[in-house]
$ cat coords-v2.cif   # mmCIF, C-alpha atoms
data_protein
#
loop_
_atom_site.group_PDB
_atom_site.id
_atom_site.type_symbol
_atom_site.label_atom_id
_atom_site.label_comp_id
_atom_site.auth_asym_id
_atom_site.auth_seq_id
_atom_site.Cartn_x
_atom_site.Cartn_y
_atom_site.Cartn_z
ATOM 1 C CA MET A 1 -50.064 -196.900 -114.842
ATOM 2 C CA ALA A 2 -46.442 -196.543 -113.787
ATOM 3 C CA LYS A 3 -45.359 -196.255 -117.416
ATOM 4 C CA GLN A 4 -47.926 -193.544 -118.087
ATOM 5 C CA SER A 5 -46.737 -191.616 -115.010
ATOM 6 C CA GLU A 6 -43.171 -191.591 -116.290
ATOM 7 C CA GLN A 7 -44.285 -190.246 -119.686
ATOM 8 C CA THR A 8 -46.366 -187.453 -118.180
ATOM 9 C CA ASP A 9 -44.155 -185.356 -115.911
ATOM 10 C CA HIS A 10 -45.942 -182.563 -114.073
ATOM 11 C CA ARG A 11 -42.682 -180.987 -112.809
ATOM 12 C CA PRO A 12 -41.364 -178.985 -115.825
ATOM 13 C CA ILE A 13 -38.541 -177.194 -113.973
ATOM 14 C CA ARG A 14 -36.994 -180.452 -112.875
ATOM 15 C CA SER A 15 -37.359 -181.757 -116.411
ATOM 16 C CA ILE A 16 -35.560 -178.717 -117.868
ATOM 17 C CA LEU A 17 -32.717 -179.033 -115.368
ATOM 18 C CA ARG A 18 -32.382 -182.738 -116.196
ATOM 19 C CA ARG A 19 -32.139 -181.936 -119.882
ATOM 20 C CA LEU A 20 -29.499 -179.207 -119.308
ATOM 21 C CA ILE A 21 -27.436 -181.640 -117.301
ATOM 22 C CA LEU A 22 -27.643 -184.252 -120.030
ATOM 23 C CA ALA A 23 -26.971 -181.625 -122.833
ATOM 24 C CA PRO A 24 -23.435 -180.765 -123.940
ATOM 25 C CA ALA A 25 -21.715 -178.010 -121.902
ATOM 26 C CA ALA A 26 -21.631 -175.643 -124.894
ATOM 27 C CA TRP A 27 -25.425 -175.411 -124.925
ATOM 28 C CA SER A 28 -25.420 -174.055 -121.376
ATOM 29 C CA LEU A 29 -23.520 -170.949 -122.599
ATOM 30 C CA ILE A 30 -26.083 -169.930 -125.182
ATOM 31 C CA TRP A 31 -28.314 -167.910 -122.861
ATOM 32 C CA PRO A 32 -25.471 -165.862 -121.262
ATOM 33 C CA MET A 33 -24.071 -165.135 -124.714
ATOM 34 C CA LEU A 34 -27.441 -164.001 -125.988
ATOM 35 C CA LEU A 35 -27.762 -161.749 -122.938
ATOM 36 C CA LEU A 36 -24.359 -160.150 -123.589
ATOM 37 C CA ILE A 37 -25.133 -159.612 -127.270
ATOM 38 C CA GLY A 38 -28.483 -158.046 -126.429
ATOM 39 C CA SER A 39 -26.868 -155.726 -123.857
ATOM 40 C CA TYR A 40 -24.227 -154.602 -126.347
ATOM 41 C CA LEU A 41 -26.813 -153.839 -129.031
ATOM 42 C CA ALA A 42 -28.910 -151.877 -126.547
ATOM 43 C CA TYR A 43 -25.856 -149.867 -125.394
ATOM 44 C CA SER A 44 -24.656 -149.073 -128.911
ATOM 45 C CA ARG A 45 -28.112 -148.014 -130.037
ATOM 46 C CA TRP A 46 -29.552 -146.105 -127.061
ATOM 47 C CA TYR A 47 -26.982 -145.482 -124.329
ATOM 48 C CA ALA A 48 -23.723 -144.732 -126.167
ATOM 49 C CA GLU A 49 -24.671 -141.124 -126.925
ATOM 50 C CA HIS A 50 -25.799 -140.506 -123.368
ATOM 51 C CA PHE A 51 -22.613 -142.084 -121.988
ATOM 52 C CA ALA A 52 -20.427 -139.889 -124.214
ATOM 53 C CA GLN A 53 -22.215 -136.757 -123.063
ATOM 54 C CA ALA A 54 -21.977 -137.704 -119.416
ATOM 55 C CA TYR A 55 -18.428 -139.051 -119.250
ATOM 56 C CA GLY A 56 -16.608 -137.601 -122.274
ATOM 57 C CA SER A 57 -14.859 -134.219 -122.319
ATOM 58 C CA VAL A 58 -16.717 -130.910 -122.184
ATOM 59 C CA ASP A 59 -17.660 -129.785 -125.696
ATOM 60 C CA PRO A 60 -16.842 -126.089 -126.361
ATOM 61 C CA GLN A 61 -19.968 -125.909 -128.526
ATOM 62 C CA SER A 62 -22.013 -126.710 -125.414
ATOM 63 C CA ILE A 63 -20.715 -123.651 -123.513
ATOM 64 C CA THR A 64 -22.729 -120.427 -123.685
ATOM 65 C CA ILE A 65 -21.372 -117.178 -122.191
ATOM 66 C CA SER A 66 -22.790 -113.702 -121.607
ATOM 67 C CA PRO A 67 -22.538 -111.538 -124.751
ATOM 68 C CA PRO A 68 -19.189 -109.679 -124.571
ATOM 69 C CA HIS A 69 -18.806 -105.964 -125.327
ATOM 70 C CA GLU A 70 -17.593 -104.541 -128.630
ATOM 71 C CA TYR A 71 -13.873 -104.683 -127.783
ATOM 72 C CA VAL A 72 -13.836 -108.478 -127.367
ATOM 73 C CA ARG A 73 -13.283 -109.620 -130.955
ATOM 74 C CA THR A 74 -11.852 -113.086 -130.454
ATOM 75 C CA ASP A 75 -13.501 -116.429 -129.674
ATOM 76 C CA LEU A 76 -13.271 -116.287 -125.908
ATOM 77 C CA VAL A 77 -14.662 -119.801 -125.378
ATOM 78 C CA ALA A 78 -12.150 -121.328 -127.793
ATOM 79 C CA GLU A 79 -9.253 -119.467 -126.148
ATOM 80 C CA VAL A 80 -10.203 -120.623 -122.659
ATOM 81 C CA TYR A 81 -10.820 -124.164 -123.893
ATOM 82 C CA ASP A 82 -7.359 -124.398 -125.497
ATOM 83 C CA GLU A 83 -5.369 -122.625 -122.780
ATOM 84 C CA THR A 84 -6.836 -124.324 -119.698
ATOM 85 C CA ARG A 85 -6.975 -127.961 -120.894
ATOM 86 C CA LEU A 86 -10.741 -128.252 -120.707
ATOM 87 C CA THR A 87 -10.423 -131.207 -123.073
ATOM 88 C CA GLU A 88 -9.582 -133.231 -119.967
ATOM 89 C CA LEU A 89 -12.670 -132.075 -118.056
ATOM 90 C CA SER A 90 -15.715 -134.364 -118.016
ATOM 91 C CA PRO A 91 -19.301 -133.107 -117.632
ATOM 92 C CA ALA A 92 -19.714 -135.863 -115.023
ATOM 93 C CA ASP A 93 -16.982 -134.383 -112.823
ATOM 94 C CA ARG A 94 -18.535 -133.365 -109.498
ATOM 95 C CA SER A 95 -16.614 -130.070 -109.527
ATOM 96 C CA VAL A 96 -17.127 -129.321 -113.227
ATOM 97 C CA THR A 97 -18.915 -126.005 -112.593
ATOM 98 C CA ALA A 98 -16.194 -124.778 -110.216
ATOM 99 C CA LYS A 99 -13.481 -125.763 -112.681
ATOM 100 C CA LEU A 100 -15.258 -123.988 -115.537
ATOM 101 C CA ALA A 101 -15.582 -120.862 -113.384
ATOM 102 C CA SER A 102 -11.872 -120.956 -112.553
ATOM 103 C CA ALA A 103 -10.916 -121.489 -116.203
ATOM 104 C CA PHE A 104 -12.928 -118.516 -117.476
ATOM 105 C CA ALA A 105 -11.877 -116.282 -114.574
ATOM 106 C CA SER A 106 -8.279 -116.678 -115.780
ATOM 107 C CA HIS A 107 -9.000 -114.961 -119.107
ATOM 108 C CA PRO A 108 -7.772 -111.319 -119.273
ATOM 109 C CA TRP A 109 -11.131 -110.043 -120.534
ATOM 110 C CA VAL A 110 -13.108 -111.632 -117.668
ATOM 111 C CA LYS A 111 -13.438 -109.605 -114.499
ATOM 112 C CA HIS A 112 -15.735 -111.936 -112.579
ATOM 113 C CA VAL A 113 -17.679 -115.164 -113.091
ATOM 114 C CA HIS A 114 -21.043 -114.656 -111.418
ATOM 115 C CA ARG A 115 -22.557 -118.070 -112.060
ATOM 116 C CA VAL A 116 -22.129 -121.356 -113.932
ATOM 117 C CA ARG A 117 -25.297 -123.306 -114.676
ATOM 118 C CA LYS A 118 -25.189 -126.974 -115.645
ATOM 119 C CA LEU A 119 -27.947 -127.797 -118.123
ATOM 120 C CA PRO A 120 -29.207 -131.110 -119.544
ATOM 121 C CA SER A 121 -27.310 -132.895 -122.344
ATOM 122 C CA GLY A 122 -23.907 -131.761 -121.077
ATOM 123 C CA LYS A 123 -24.470 -128.060 -121.719
ATOM 124 C CA PHE A 124 -23.309 -125.126 -119.578
ATOM 125 C CA GLU A 125 -24.296 -121.487 -119.274
ATOM 126 C CA LEU A 126 -21.893 -118.893 -117.788
ATOM 127 C CA ASP A 127 -22.785 -115.431 -116.522
ATOM 128 C CA LEU A 128 -19.640 -113.301 -116.962
ATOM 129 C CA ASP A 129 -18.669 -109.727 -116.108
ATOM 130 C CA TYR A 130 -16.129 -108.329 -118.567
ATOM 131 C CA ARG A 131 -13.342 -105.818 -118.057
ATOM 132 C CA GLN A 132 -14.055 -102.607 -119.951
ATOM 133 C CA PRO A 133 -11.200 -100.595 -121.511
ATOM 134 C CA VAL A 134 -11.270 -96.982 -120.355
ATOM 135 C CA ALA A 135 -7.772 -95.866 -121.328
ATOM 136 C CA ALA A 136 -4.808 -96.737 -123.523
ATOM 137 C CA PHE A 137 -1.270 -96.405 -122.232
ATOM 138 C CA HIS A 138 0.792 -94.727 -124.927
ATOM 139 C CA VAL A 139 4.367 -96.007 -124.942
ATOM 140 C CA THR A 140 6.659 -92.955 -125.203
ATOM 141 C CA GLY A 141 10.420 -92.594 -124.876
ATOM 142 C CA GLY A 142 13.714 -91.954 -126.638
ATOM 143 C CA GLU A 143 14.907 -94.130 -129.499
ATOM 144 C CA LYS A 144 17.671 -95.780 -127.434
ATOM 145 C CA TRP A 145 15.182 -96.635 -124.705
ATOM 146 C CA LYS A 146 12.710 -98.073 -127.213
ATOM 147 C CA GLN A 147 15.460 -100.194 -128.760
ATOM 148 C CA MET A 148 16.389 -101.514 -125.320
ATOM 149 C CA ILE A 149 12.758 -102.432 -124.596
ATOM 150 C CA ALA A 150 12.416 -104.115 -127.999
ATOM 151 C CA GLU A 151 15.501 -106.254 -127.385
ATOM 152 C CA HIS A 152 14.258 -107.186 -123.915
ATOM 153 C CA LEU A 153 10.857 -108.248 -125.246
ATOM 154 C CA LYS A 154 12.490 -110.223 -128.036
ATOM 155 C CA SER A 155 14.666 -112.094 -125.521
ATOM 156 C CA LEU A 156 11.518 -113.109 -123.624
ATOM 157 C CA GLY A 157 9.817 -114.287 -126.800
ATOM 158 C CA TYR A 158 7.229 -111.480 -126.756
ATOM 159 C CA PRO A 159 6.170 -109.464 -129.831
ATOM 160 C CA VAL A 160 7.827 -106.057 -130.136
ATOM 161 C CA SER A 161 5.019 -104.391 -132.112
ATOM 162 C CA ASP A 162 3.700 -102.600 -129.030
ATOM 163 C CA VAL A 163 6.912 -100.641 -128.340
ATOM 164 C CA ASN A 164 5.450 -97.719 -130.295
ATOM 165 C CA GLY A 165 1.836 -98.614 -129.660
ATOM 166 C CA TYR A 166 -1.049 -98.358 -127.248
ATOM 167 C CA LEU A 167 -1.859 -100.819 -124.470
ATOM 168 C CA PRO A 168 -5.517 -100.917 -123.341
ATOM 169 C CA LEU A 169 -6.275 -100.658 -119.615
ATOM 170 C CA ASP A 170 -9.380 -101.018 -117.501
ATOM 171 C CA GLY A 171 -10.275 -98.756 -114.593
ATOM 172 C CA GLU A 172 -8.119 -100.759 -112.185
ATOM 173 C CA GLY A 173 -5.003 -100.465 -114.319
ATOM 174 C CA MET A 174 -5.211 -104.063 -115.555
ATOM 175 C CA LEU A 175 -3.594 -104.785 -118.918
ATOM 176 C CA LEU A 176 -6.146 -105.979 -121.464
ATOM 177 C CA PRO A 177 -5.652 -108.026 -124.648
ATOM 178 C CA THR A 178 -4.559 -106.142 -127.759
ATOM 179 C CA ALA A 179 -5.760 -108.851 -130.168
ATOM 180 C CA GLY A 180 -8.452 -107.453 -132.428
ATOM 181 C CA LEU A 181 -8.045 -103.863 -131.233
ATOM 182 C CA THR A 182 -7.237 -101.244 -133.853
ATOM 183 C CA TYR A 183 -5.563 -97.845 -133.957
ATOM 184 C CA ASP A 184 -9.004 -96.251 -134.242
ATOM 185 C CA ASP A 185 -10.039 -98.010 -131.024
ATOM 186 C CA ALA A 186 -7.015 -96.542 -129.251
ATOM 187 C CA MET A 187 -7.904 -93.066 -130.488
ATOM 188 C CA GLU A 188 -11.342 -93.379 -128.885
ATOM 189 C CA LEU A 189 -9.849 -94.076 -125.452
ATOM 190 C CA ILE A 190 -8.228 -91.653 -123.014
ATOM 191 C CA HIS A 191 -4.455 -91.803 -123.378
ATOM 192 C CA ILE A 192 -2.122 -92.176 -120.407
ATOM 193 C CA GLU A 193 1.500 -91.134 -120.860
ATOM 194 C CA VAL A 194 4.535 -91.553 -118.620
ATOM 195 C CA TRP A 195 7.870 -91.005 -120.299
ATOM 196 C CA GLU A 196 10.057 -94.104 -120.764
ATOM 197 C CA LEU A 197 7.864 -96.516 -118.876
ATOM 198 C CA TYR A 198 6.835 -100.012 -119.939
ATOM 199 C CA PRO A 199 4.526 -102.418 -118.073
ATOM 200 C CA THR A 200 5.999 -105.151 -115.903
ATOM 201 C CA GLY A 201 2.911 -107.348 -116.094
ATOM 202 C CA ASN A 202 1.196 -109.408 -118.775
ATOM 203 C CA GLU A 203 -2.349 -109.256 -120.129
ATOM 204 C CA GLY A 204 -4.797 -109.825 -117.280
ATOM 205 C CA THR A 205 -2.400 -108.496 -114.615
ATOM 206 C CA PRO A 206 -1.823 -104.986 -113.191
ATOM 207 C CA PHE A 207 0.334 -102.598 -115.220
ATOM 208 C CA GLY A 208 2.876 -102.591 -112.411
ATOM 209 C CA ASP A 209 3.286 -98.856 -111.801
ATOM 210 C CA ARG A 210 1.150 -96.872 -109.344
ATOM 211 C CA ARG A 211 1.238 -93.745 -111.512
ATOM 212 C CA VAL A 212 -0.392 -95.512 -114.440
ATOM 213 C CA GLU A 213 -2.846 -97.402 -112.230
ATOM 214 C CA SER A 214 -3.847 -94.112 -110.545
ATOM 215 C CA ALA A 215 -4.338 -92.487 -113.948
ATOM 216 C CA ALA A 216 -6.504 -95.450 -115.027
ATOM 217 C CA LEU A 217 -8.702 -94.871 -111.972
ATOM 218 C CA LEU A 218 -9.217 -91.254 -113.065
ATOM 219 C CA ALA A 219 -9.848 -92.382 -116.654
ATOM 220 C CA LYS A 220 -12.643 -94.622 -115.394
ATOM 221 C CA LEU A 221 -14.336 -91.606 -113.796
ATOM 222 C CA LEU A 222 -13.879 -89.378 -116.836
ATOM 223 C CA SER A 223 -14.961 -92.032 -119.351
ATOM 224 C CA ALA A 224 -18.361 -92.121 -117.663
ATOM 225 C CA VAL A 225 -18.997 -88.543 -118.888
ATOM 226 C CA ARG A 226 -17.366 -88.863 -122.305
ATOM 227 C CA ASP A 227 -20.602 -87.829 -123.997
ATOM 228 C CA GLN A 228 -20.335 -84.437 -122.228
ATOM 229 C CA ILE A 229 -16.609 -83.770 -122.414
ATOM 230 C CA ARG A 230 -13.670 -85.139 -124.361
ATOM 231 C CA ILE A 231 -10.522 -85.852 -122.396
ATOM 232 C CA ALA A 232 -7.599 -86.632 -124.668
ATOM 233 C CA LYS A 233 -4.820 -87.439 -122.239
ATOM 234 C CA ILE A 234 -3.798 -87.934 -118.598
ATOM 235 C CA THR A 235 -0.197 -87.317 -117.551
ATOM 236 C CA VAL A 236 1.679 -87.372 -114.248
ATOM 237 C CA SER A 237 2.773 -84.061 -112.764
ATOM 238 C CA GLY A 238 5.750 -83.446 -110.500
ATOM 239 C CA ASP A 239 8.458 -85.769 -109.201
ATOM 240 C CA SER A 240 6.999 -89.190 -108.434
ATOM 241 C CA ARG A 241 9.810 -89.821 -105.941
ATOM 242 C CA LEU A 242 8.530 -86.987 -103.776
ATOM 243 C CA ASN A 243 4.789 -87.654 -104.154
ATOM 244 C CA LEU A 244 3.482 -90.703 -102.332
ATOM 245 C CA VAL A 245 0.177 -90.141 -104.119
ATOM 246 C CA PRO A 246 0.590 -89.512 -107.883
ATOM 247 C CA GLN A 247 -0.469 -86.032 -108.991
ATOM 248 C CA LEU A 248 -2.312 -86.040 -112.287
ATOM 249 C CA GLU A 249 -2.892 -83.561 -115.084
ATOM 250 C CA ILE A 250 -5.588 -83.810 -117.752
ATOM 251 C CA ILE A 251 -5.586 -82.466 -121.295
ATOM 252 C CA THR A 252 -8.916 -81.846 -122.983
ATOM 253 C CA GLY A 253 -9.773 -82.366 -126.626
ATOM 254 C CA ASP A 254 -8.959 -78.731 -127.436
ATOM 255 C CA ASN A 255 -5.509 -79.086 -125.790
ATOM 256 C CA THR A 256 -6.432 -77.275 -122.582
ATOM 257 C CA HIS A 257 -4.174 -78.337 -119.693
ATOM 258 C CA LEU A 258 -5.690 -78.650 -116.219
ATOM 259 C CA PHE A 259 -4.164 -79.871 -112.984
ATOM 260 C CA TRP A 260 -6.437 -82.521 -111.478
ATOM 261 C CA GLY A 261 -4.447 -83.534 -108.421
ATOM 262 C CA SER A 262 -4.809 -86.854 -106.609
ATOM 263 C CA PRO A 263 -6.685 -89.839 -108.067
ATOM 264 C CA PRO A 264 -10.361 -90.212 -107.046
ATOM 265 C CA GLY A 265 -10.659 -91.408 -103.471
ATOM 266 C CA MET A 266 -7.014 -90.608 -102.651
ATOM 267 C CA GLU A 267 -7.361 -86.848 -102.074
ATOM 268 C CA GLN A 268 -4.933 -85.146 -99.717
ATOM 269 C CA PRO A 269 -5.973 -82.904 -96.767
ATOM 270 C CA ARG A 270 -7.744 -79.731 -97.945
ATOM 271 C CA GLU A 271 -7.930 -81.049 -101.508
ATOM 272 C CA ARG A 272 -11.322 -80.943 -103.187
ATOM 273 C CA ASP A 273 -12.921 -84.304 -103.847
ATOM 274 C CA ALA A 274 -13.449 -85.845 -107.284
ATOM 275 C CA ARG A 275 -17.118 -84.877 -107.419
ATOM 276 C CA ALA A 276 -16.376 -81.158 -106.947
ATOM 277 C CA LYS A 277 -13.621 -81.254 -109.568
ATOM 278 C CA LEU A 278 -15.860 -83.052 -112.038
ATOM 279 C CA MET A 279 -18.710 -80.575 -111.525
ATOM 280 C CA ASP A 280 -16.405 -77.656 -112.349
ATOM 281 C CA LEU A 281 -15.028 -79.510 -115.347
ATOM 282 C CA LEU A 282 -18.453 -80.245 -116.796
ATOM 283 C CA SER A 283 -19.784 -76.761 -116.167
ATOM 284 C CA GLY A 284 -16.698 -75.066 -117.619
ATOM 285 C CA ASN A 285 -15.949 -73.419 -114.285
ATOM 286 C CA TYR A 286 -12.166 -73.341 -114.706
ATOM 287 C CA VAL A 287 -9.376 -71.388 -116.377
ATOM 288 C CA PRO A 288 -6.892 -72.923 -118.851
ATOM 289 C CA GLY A 289 -3.848 -74.092 -116.961
ATOM 290 C CA GLY A 290 -5.860 -73.920 -113.718
ATOM 291 C CA ASP A 291 -5.891 -76.167 -110.688
ATOM 292 C CA LEU A 292 -9.085 -78.173 -110.132
ATOM 293 C CA SER A 293 -7.875 -79.388 -106.757
ATOM 294 C CA ILE A 294 -8.449 -75.961 -105.197
ATOM 295 C CA ALA A 295 -11.193 -73.333 -105.456
ATOM 296 C CA ALA A 296 -12.723 -72.958 -108.917
ATOM 297 C CA GLY A 297 -11.502 -70.273 -111.257
ATOM 298 C CA THR A 298 -13.142 -68.183 -113.966
ATOM 299 C CA PRO A 299 -15.704 -69.989 -116.137
ATOM 300 C CA SER A 300 -14.472 -71.061 -119.538
ATOM 301 C CA SER A 301 -15.660 -73.279 -122.377
ATOM 302 C CA LEU A 302 -14.144 -76.718 -122.831
ATOM 303 C CA ARG A 303 -14.965 -76.941 -126.493
#

$ encode --input "coords-v2.cif" --output "structure tokens"
Amino acid sequence: MAKQSEQTDHRPIRSILRRLILAPAAWSLIWPMLLLIGSYLAYSRWYAEHFAQAYGSVDPQSITISPPHEYVRTDLVAEVYDETRLTELSPADRSVTAKLASAFASHPWVKHVHRVRKLPSGKFELDLDYRQPVAAFHVTGGEKWKQMIAEHLKSLGYPVSDVNGYLPLDGEGMLLPTAGLTYDDAMELIHIEVWELYPTGNEGTPFGDRRVESAALLAKLLSAVRDQIRIAKITVSGDSRLNLVPQLEIITGDNTHLFWGSPPGMEQPRERDARAKLMDLLSGNYVPGGDLSIAAGTPSSLR
């Protein structure tokens, strides 16, 4: 009976442990090794792609932005991606949306980033407000002055092609990118001219002169009614050293000169506001060479 009891062991766990103890040490490593191999195969087959999306760098192909207007003719996502080192940004970063917003807000065409949405599979959607060109600053000056500006730009490593060209501006007087813009585009915009003046800022920064920035503010107002009247040019009238508020003159498409006065919202005492001036302009209630800042003159046609 005792012999039969030894042969029939009803405690399998103890029996297995006894066998492992008696087996060579190498056999005890088989199960951990099989577990590691199985984990690796599972990772490489199912989790590797998910891990790359979650912890790799942000893919520019996964970024969707609001459709830009017709003047933006470059790959805005690619430019931001290259210039702001987004290759180092991971979708798993807790502040990834804030960093994307900051990166796109730095682009000269972007006025404001309203929202950044993080979507599944490492994708992002950005709601952007773009700067709209309303005017083009026409660089004018003597040949000696232009040569001096060209040499200065060359010393800074900047292109000198714009010395005789047109620089697009938005309604706040911010310099906009020239890449992709053509001569025909410049001809469609209101021109701003100040003799022998060149911007002190770069693309995405203010022009750097209050006369030009004031003229851009007026261009924004006039561009809103471009389907009713064509304004060809805005110039500065009088001595800027004596006028704290720049005094502006407009030239219509048929070369009619009119004194506008102060920029919109900066009117001087007893000066008519921008709305009254604009109403007279649209209705033709003016005389060539007249002053829109005071009482209206004799009606005349703009065309």

$ closest_residue --input "coords-v2.cif" --among "A:Thr235, A:Ser155, A:Ser66, A:Ser240" --to "Thr252 of chain A" --atoms "all atoms listed in the file"
A:Thr235

$ resolve_selection --input "coords-v2.cif" --expression "the PyMOL selection byres ((chain A and resi 126) around 10)" --output "PyMOL selection string"
chain A and resi 63-66+97+100-101+104+113-118+124-125+127-129

$ atom_distance --input "coords-v2.cif" --atom1 "atom CA of Trp260 of chain A" --atom2 "atom CA of Lys233 of chain A"
11.9 Å

$ resolve_selection --input "coords-v2.cif" --expression "the PyMOL selection byres ((chain A and resi 134) around 10)" --output "JSON, numbers by chain"
{"A": [131, 132, 133, 135, 136, 168, 169, 170, 171, 172, 173, 186, 188, 189, 190, 191, 216, 217, 218, 219, 220, 221, 222, 223, 224]}

$ resolve_selection --input "coords-v2.cif" --expression "the PyMOL selection byres ((chain A and resi 199) around 10)" --output "PyMOL selection string"
chain A and resi 137+139+167+175+197-198+200-203+205-209+212

$ atom_distance --input "coords-v2.cif" --atom1 "atom CA of Trp109 of chain A" --atom2 "atom CA of Arg210 of chain A"
21.2 Å

$ atom_distance --input "coords-v2.cif" --atom1 "atom CA of Trp145 of chain A" --atom2 "atom CA of Glu196 of chain A"
6.9 Å

$ closest_residue --input "coords-v2.cif" --among "A:Gly165, A:Gly56, A:Gly261, A:Gly141" --to "Ser121 of chain A" --atoms "all atoms listed in the file"
A:Gly56

$ closest_residue --input "coords-v2.cif" --among "A:Leu242, A:Met266, A:Leu258, A:Leu153" --to "Asp291 of chain A" --atoms "only C-alpha atoms"
A:Leu258

$ build_atoms --input "coords-v2.cif" --residues "segment 145-151 of chain A" --atoms "all heavy atoms" --output "PDB file, keeping the file's coordinate frame"
ATOM      1  N   TRP A 145      16.006 -95.920-125.700  1.00  0.00           N
ATOM      2  CA  TRP A 145      15.182 -96.635-124.705  1.00  0.00           C
ATOM      3  C   TRP A 145      14.237 -97.613-125.397  1.00  0.00           C
ATOM      4  O   TRP A 145      14.094 -98.754-124.963  1.00  0.00           O
ATOM      5  CB  TRP A 145      14.386 -95.623-123.882  1.00  0.00           C
ATOM      6  CG  TRP A 145      13.456 -96.258-122.893  1.00  0.00           C
ATOM      7  CD1 TRP A 145      13.758 -96.715-121.639  1.00  0.00           C
ATOM      8  CD2 TRP A 145      12.067 -96.527-123.097  1.00  0.00           C
ATOM      9  NE1 TRP A 145      12.652 -97.244-121.044  1.00  0.00           N
ATOM     10  CE2 TRP A 145      11.588 -97.144-121.908  1.00  0.00           C
ATOM     11  CE3 TRP A 145      11.164 -96.301-124.140  1.00  0.00           C
ATOM     12  CZ2 TRP A 145      10.267 -97.537-121.753  1.00  0.00           C
ATOM     13  CZ3 TRP A 145       9.853 -96.692-123.983  1.00  0.00           C
ATOM     14  CH2 TRP A 145       9.407 -97.298-122.809  1.00  0.00           C
ATOM     15  N   LYS A 146      13.627 -97.195-126.480  1.00  0.00           N
ATOM     16  CA  LYS A 146      12.710 -98.073-127.213  1.00  0.00           C
ATOM     17  C   LYS A 146      13.447 -99.299-127.768  1.00  0.00           C
ATOM     18  O   LYS A 146      12.929-100.414-127.751  1.00  0.00           O
ATOM     19  CB  LYS A 146      12.032 -97.310-128.354  1.00  0.00           C
ATOM     20  CG  LYS A 146      11.006 -96.298-127.889  1.00  0.00           C
ATOM     21  CD  LYS A 146      10.333 -95.626-129.077  1.00  0.00           C
ATOM     22  CE  LYS A 146       9.274 -94.629-128.625  1.00  0.00           C
ATOM     23  NZ  LYS A 146       8.599 -93.964-129.772  1.00  0.00           N
ATOM     24  N   GLN A 147      14.680 -99.078-128.247  1.00  0.00           N
ATOM     25  CA  GLN A 147      15.460-100.194-128.760  1.00  0.00           C
ATOM     26  C   GLN A 147      15.787-101.180-127.648  1.00  0.00           C
ATOM     27  O   GLN A 147      15.750-102.401-127.841  1.00  0.00           O
ATOM     28  CB  GLN A 147      16.749 -99.661-129.405  1.00  0.00           C
ATOM     29  CG  GLN A 147      17.629-100.742-130.022  1.00  0.00           C
ATOM     30  CD  GLN A 147      16.962-101.474-131.155  1.00  0.00           C
ATOM     31  OE1 GLN A 147      16.135-100.897-131.875  1.00  0.00           O
ATOM     32  NE2 GLN A 147      17.310-102.744-131.337  1.00  0.00           N
ATOM     33  N   MET A 148      16.087-100.660-126.466  1.00  0.00           N
ATOM     34  CA  MET A 148      16.389-101.514-125.320  1.00  0.00           C
ATOM     35  C   MET A 148      15.166-102.345-124.930  1.00  0.00           C
ATOM     36  O   MET A 148      15.272-103.550-124.655  1.00  0.00           O
ATOM     37  CB  MET A 148      16.841-100.660-124.133  1.00  0.00           C
ATOM     38  CG  MET A 148      17.160-101.454-122.872  1.00  0.00           C
ATOM     39  SD  MET A 148      17.518-100.381-121.464  1.00  0.00           S
ATOM     40  CE  MET A 148      15.883 -99.667-121.173  1.00  0.00           C
ATOM     41  N   ILE A 149      13.988-101.714-124.929  1.00  0.00           N
ATOM     42  CA  ILE A 149      12.758-102.432-124.596  1.00  0.00           C
ATOM     43  C   ILE A 149      12.465-103.495-125.647  1.00  0.00           C
ATOM     44  O   ILE A 149      12.077-104.631-125.312  1.00  0.00           O
ATOM     45  CB  ILE A 149      11.572-101.443-124.488  1.00  0.00           C
ATOM     46  CG1 ILE A 149      11.764-100.520-123.275  1.00  0.00           C
ATOM     47  CG2 ILE A 149      10.259-102.205-124.375  1.00  0.00           C
ATOM     48  CD1 ILE A 149      11.763-101.235-121.936  1.00  0.00           C
ATOM     49  N   ALA A 150      12.676-103.162-126.924  1.00  0.00           N
ATOM     50  CA  ALA A 150      12.416-104.115-127.999  1.00  0.00           C
ATOM     51  C   ALA A 150      13.319-105.337-127.866  1.00  0.00           C
ATOM     52  O   ALA A 150      12.869-106.477-128.047  1.00  0.00           O
ATOM     53  CB  ALA A 150      12.619-103.440-129.356  1.00  0.00           C
ATOM     54  N   GLU A 151      14.572-105.132-127.553  1.00  0.00           N
ATOM     55  CA  GLU A 151      15.501-106.254-127.385  1.00  0.00           C
ATOM     56  C   GLU A 151      15.117-107.105-126.182  1.00  0.00           C
ATOM     57  O   GLU A 151      15.242-108.335-126.217  1.00  0.00           O
ATOM     58  CB  GLU A 151      16.924-105.723-127.243  1.00  0.00           C
ATOM     59  CG  GLU A 151      17.462-105.083-128.521  1.00  0.00           C
ATOM     60  CD  GLU A 151      18.835-104.468-128.325  1.00  0.00           C
ATOM     61  OE1 GLU A 151      19.329-104.482-127.177  1.00  0.00           O
ATOM     62  OE2 GLU A 151      19.418-103.958-129.315  1.00  0.00           O
TER      63      GLU A 151
END
